[in-house]
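Here the structure comes first, spelled out in structure tokens, and everything after it is commentary.
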Amino acid sequence: LNKGVEAYKAAQYEEAINHFQKAVSLDPTYPMTRLYLATAYAQQVVPDLKNAHNEKIAQMAIDEFHKVLEKHPNDVTALQQIASLYYDLDQFDKAKEWNQKVLAADPKNAQAAYTIGAIDWREAFQNAKNALHQYNLNPDGKGNVKLPKKACEALKQQNQTAVSDGINYLQKALDINPNYDDAMSY
């Protein structure tokens, strides 16, 4: 375990993984070894990279974090890491679901609340881009006045829940941490 930690701190993740795997095989009941192993896997995941190797490494990390959660269902680190991995893989519904689990285990987790709000904003913005695209328009930063009123009403209906939920979660993040600049900007 100590050799794995040393290798991890030196950014030698493959070596760290080998040491953590050995530690797990020597004592599969010690929860910290699985957490370290999963974290070493997670460190190798490249956000937004869509290829089989990256997704395989992410799944290995998620599987190890799940093993931690089997024994310690409210381990906030494992919950946060799974949420983060799904976010990095652009699986936003799962990222949102896991951030909600983080908040259930740790109601004062401003980052989880912020992330859910940011995901809601991303969904609403994507819906707006799609609506504009149907009329060969791009976001203009001025309210997109060329978008037909009928399309605006449809977009409003489509985004109402995401915007409302997003604002609520961002406000929750600010209630927890009034100086959370990213939450303020959204």
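Going by the structure tokens order, chains are called A, B, ..., each with residues numbered from 1, while ligands are numbered from 1 in the order shown.
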
Find the spatial neighbours of stretch 114-123 of chain A, counting only C-alpha atoms, within a cut-off of 10 Å - ignore same-chain residues fewer than 4 positions away - and output them as a PyMOL selection string.
chain A and resi 83-84+87+92-93+95-100+109-110+127-129+159+161-174+180+182-184+186

Write out the residues from the selection above, keeping N, CA, C and O atoms, as a CSV table (one decimal), in the first residue's frame.
chain,number,residue,atom,x,y,z
A,83,ALA,N,-19.5,9.9,-9.7
A,83,ALA,CA,-20.1,11.1,-10.3
A,83,ALA,C,-19.2,11.8,-11.3
A,83,ALA,O,-19.6,12.1,-12.4
A,84,SER,N,-18.0,12.0,-10.8
A,84,SER,CA,-17.0,12.7,-11.7
A,84,SER,C,-16.6,11.9,-12.9
A,84,SER,O,-16.5,12.5,-14.0
A,87,TYR,N,-19.3,12.2,-15.4
A,87,TYR,CA,-19.3,13.5,-16.0
A,87,TYR,C,-18.2,13.6,-17.0
A,87,TYR,O,-18.4,14.1,-18.2
A,92,PHE,N,-24.2,12.5,-18.6
A,92,PHE,CA,-24.6,13.5,-17.7
A,92,PHE,C,-25.8,13.1,-16.8
A,92,PHE,O,-25.9,13.5,-15.7
A,93,ASP,N,-26.7,12.2,-17.3
A,93,ASP,CA,-27.8,11.7,-16.5
A,93,ASP,C,-27.2,10.9,-15.3
A,93,ASP,O,-27.7,11.1,-14.2
A,95,ALA,N,-24.2,11.2,-14.1
A,95,ALA,CA,-23.4,12.1,-13.3
A,95,ALA,C,-24.3,12.8,-12.3
A,95,ALA,O,-24.0,13.0,-11.2
A,96,LYS,N,-25.5,13.2,-12.9
A,96,LYS,CA,-26.4,13.9,-12.0
A,96,LYS,C,-27.0,13.0,-10.9
A,96,LYS,O,-27.1,13.4,-9.8
A,97,GLU,N,-27.3,11.8,-11.3
A,97,GLU,CA,-27.8,10.8,-10.4
A,97,GLU,C,-26.8,10.6,-9.2
A,97,GLU,O,-27.2,10.5,-8.1
A,98,TRP,N,-25.5,10.4,-9.6
A,98,TRP,CA,-24.5,10.1,-8.6
A,98,TRP,C,-24.2,11.4,-7.7
A,98,TRP,O,-23.9,11.3,-6.5
A,99,ASN,N,-24.3,12.6,-8.3
A,99,ASN,CA,-24.1,13.8,-7.5
A,99,ASN,C,-25.3,13.9,-6.5
A,99,ASN,O,-25.1,14.4,-5.4
A,100,GLN,N,-26.5,13.5,-6.9
A,100,GLN,CA,-27.6,13.5,-5.9
A,100,GLN,C,-27.3,12.5,-4.8
A,100,GLN,O,-27.7,12.8,-3.6
A,109,ASN,N,-22.4,19.4,0.6
A,109,ASN,CA,-21.4,19.3,-0.5
A,109,ASN,C,-21.8,20.2,-1.6
A,109,ASN,O,-22.6,19.9,-2.5
A,110,ALA,N,-21.2,21.4,-1.6
A,110,ALA,CA,-21.5,22.5,-2.5
A,110,ALA,C,-21.1,22.0,-4.0
A,110,ALA,O,-21.8,22.4,-4.9
A,127,ASN,N,-30.5,22.3,-25.7
A,127,ASN,CA,-31.8,22.4,-26.2
A,127,ASN,C,-32.0,23.7,-27.0
A,127,ASN,O,-32.6,23.7,-28.1
A,128,ALA,N,-31.4,24.8,-26.5
A,128,ALA,CA,-31.5,26.1,-27.2
A,128,ALA,C,-30.7,26.0,-28.5
A,128,ALA,O,-31.2,26.6,-29.5
A,129,LYS,N,-29.5,25.5,-28.5
A,129,LYS,CA,-28.7,25.4,-29.7
A,129,LYS,C,-29.5,24.5,-30.7
A,129,LYS,O,-29.5,24.9,-31.9
A,159,ASN,N,-37.4,23.5,-21.6
A,159,ASN,CA,-36.3,23.9,-20.7
A,159,ASN,C,-36.8,24.2,-19.3
A,159,ASN,O,-36.0,24.4,-18.4
A,161,THR,N,-38.2,22.8,-16.6
A,161,THR,CA,-37.7,22.0,-15.5
A,161,THR,C,-36.2,22.1,-15.3
A,161,THR,O,-35.8,22.2,-14.1
A,162,ALA,N,-35.5,21.9,-16.4
A,162,ALA,CA,-34.0,22.0,-16.2
A,162,ALA,C,-33.5,23.3,-15.7
A,162,ALA,O,-32.7,23.4,-14.8
A,163,VAL,N,-34.1,24.4,-16.1
A,163,VAL,CA,-33.7,25.7,-15.7
A,163,VAL,C,-34.1,25.9,-14.2
A,163,VAL,O,-33.3,26.4,-13.4
A,164,SER,N,-35.3,25.5,-13.9
A,164,SER,CA,-35.8,25.6,-12.5
A,164,SER,C,-34.9,24.8,-11.5
A,164,SER,O,-34.5,25.3,-10.5
A,165,ASP,N,-34.7,23.5,-11.9
A,165,ASP,CA,-33.9,22.7,-11.1
A,165,ASP,C,-32.5,23.2,-11.0
A,165,ASP,O,-31.9,23.2,-9.9
A,166,GLY,N,-32.0,23.6,-12.1
A,166,GLY,CA,-30.6,24.2,-12.1
A,166,GLY,C,-30.4,25.4,-11.2
A,166,GLY,O,-29.5,25.4,-10.4
A,167,ILE,N,-31.4,26.3,-11.2
A,167,ILE,CA,-31.3,27.4,-10.4
A,167,ILE,C,-31.4,27.0,-8.9
A,167,ILE,O,-30.6,27.5,-8.1
A,168,ASN,N,-32.2,26.0,-8.6
A,168,ASN,CA,-32.4,25.5,-7.2
A,168,ASN,C,-31.1,24.9,-6.7
A,168,ASN,O,-30.6,25.2,-5.6
A,169,TYR,N,-30.4,24.1,-7.6
A,169,TYR,CA,-29.2,23.5,-7.1
A,169,TYR,C,-28.0,24.5,-7.0
A,169,TYR,O,-27.2,24.4,-6.1
A,170,LEU,N,-28.0,25.4,-8.0
A,170,LEU,CA,-26.9,26.4,-7.9
A,170,LEU,C,-27.1,27.3,-6.6
A,170,LEU,O,-26.2,27.7,-6.0
A,171,GLN,N,-28.4,27.6,-6.3
A,171,GLN,CA,-28.7,28.4,-5.1
A,171,GLN,C,-28.3,27.5,-3.8
A,171,GLN,O,-27.7,28.1,-2.9
A,172,LYS,N,-28.5,26.2,-3.9
A,172,LYS,CA,-28.1,25.4,-2.8
A,172,LYS,C,-26.6,25.4,-2.6
A,172,LYS,O,-26.1,25.5,-1.5
A,173,ALA,N,-25.9,25.4,-3.7
A,173,ALA,CA,-24.4,25.5,-3.7
A,173,ALA,C,-24.0,26.8,-3.0
A,173,ALA,O,-23.0,26.8,-2.2
A,174,LEU,N,-24.7,27.9,-3.4
A,174,LEU,CA,-24.3,29.2,-2.8
A,174,LEU,C,-24.8,29.3,-1.3
A,174,LEU,O,-24.1,29.9,-0.6
A,180,TYR,N,-18.8,30.7,-3.6
A,180,TYR,CA,-18.6,29.8,-4.7
A,180,TYR,C,-18.8,30.5,-6.0
A,180,TYR,O,-19.8,30.7,-6.6
A,182,ASP,N,-18.0,29.9,-9.2
A,182,ASP,CA,-18.5,29.2,-10.4
A,182,ASP,C,-20.1,29.1,-10.3
A,182,ASP,O,-20.8,29.3,-11.3
A,183,ALA,N,-20.6,28.9,-9.1
A,183,ALA,CA,-22.0,28.8,-8.9
A,183,ALA,C,-22.7,30.2,-9.1
A,183,ALA,O,-23.7,30.3,-9.7
A,184,MET,N,-22.0,31.2,-8.7
A,184,MET,CA,-22.5,32.6,-8.9
A,184,MET,C,-22.5,32.9,-10.4
A,184,MET,O,-23.5,33.5,-10.9
A,186,TYR,N,-23.0,30.9,-13.0
A,186,TYR,CA,-24.1,30.3,-13.6
A,186,TYR,C,-25.4,30.9,-13.2
A,186,TYR,O,-26.3,31.1,-14.0

Exercise: stretch 52-69 of chain A partners within 6 Å, only C-alpha atoms, chain neighbours under 6 positions left out, as a ChimeraX atom specification:
/A:38,41-42,45,78,82
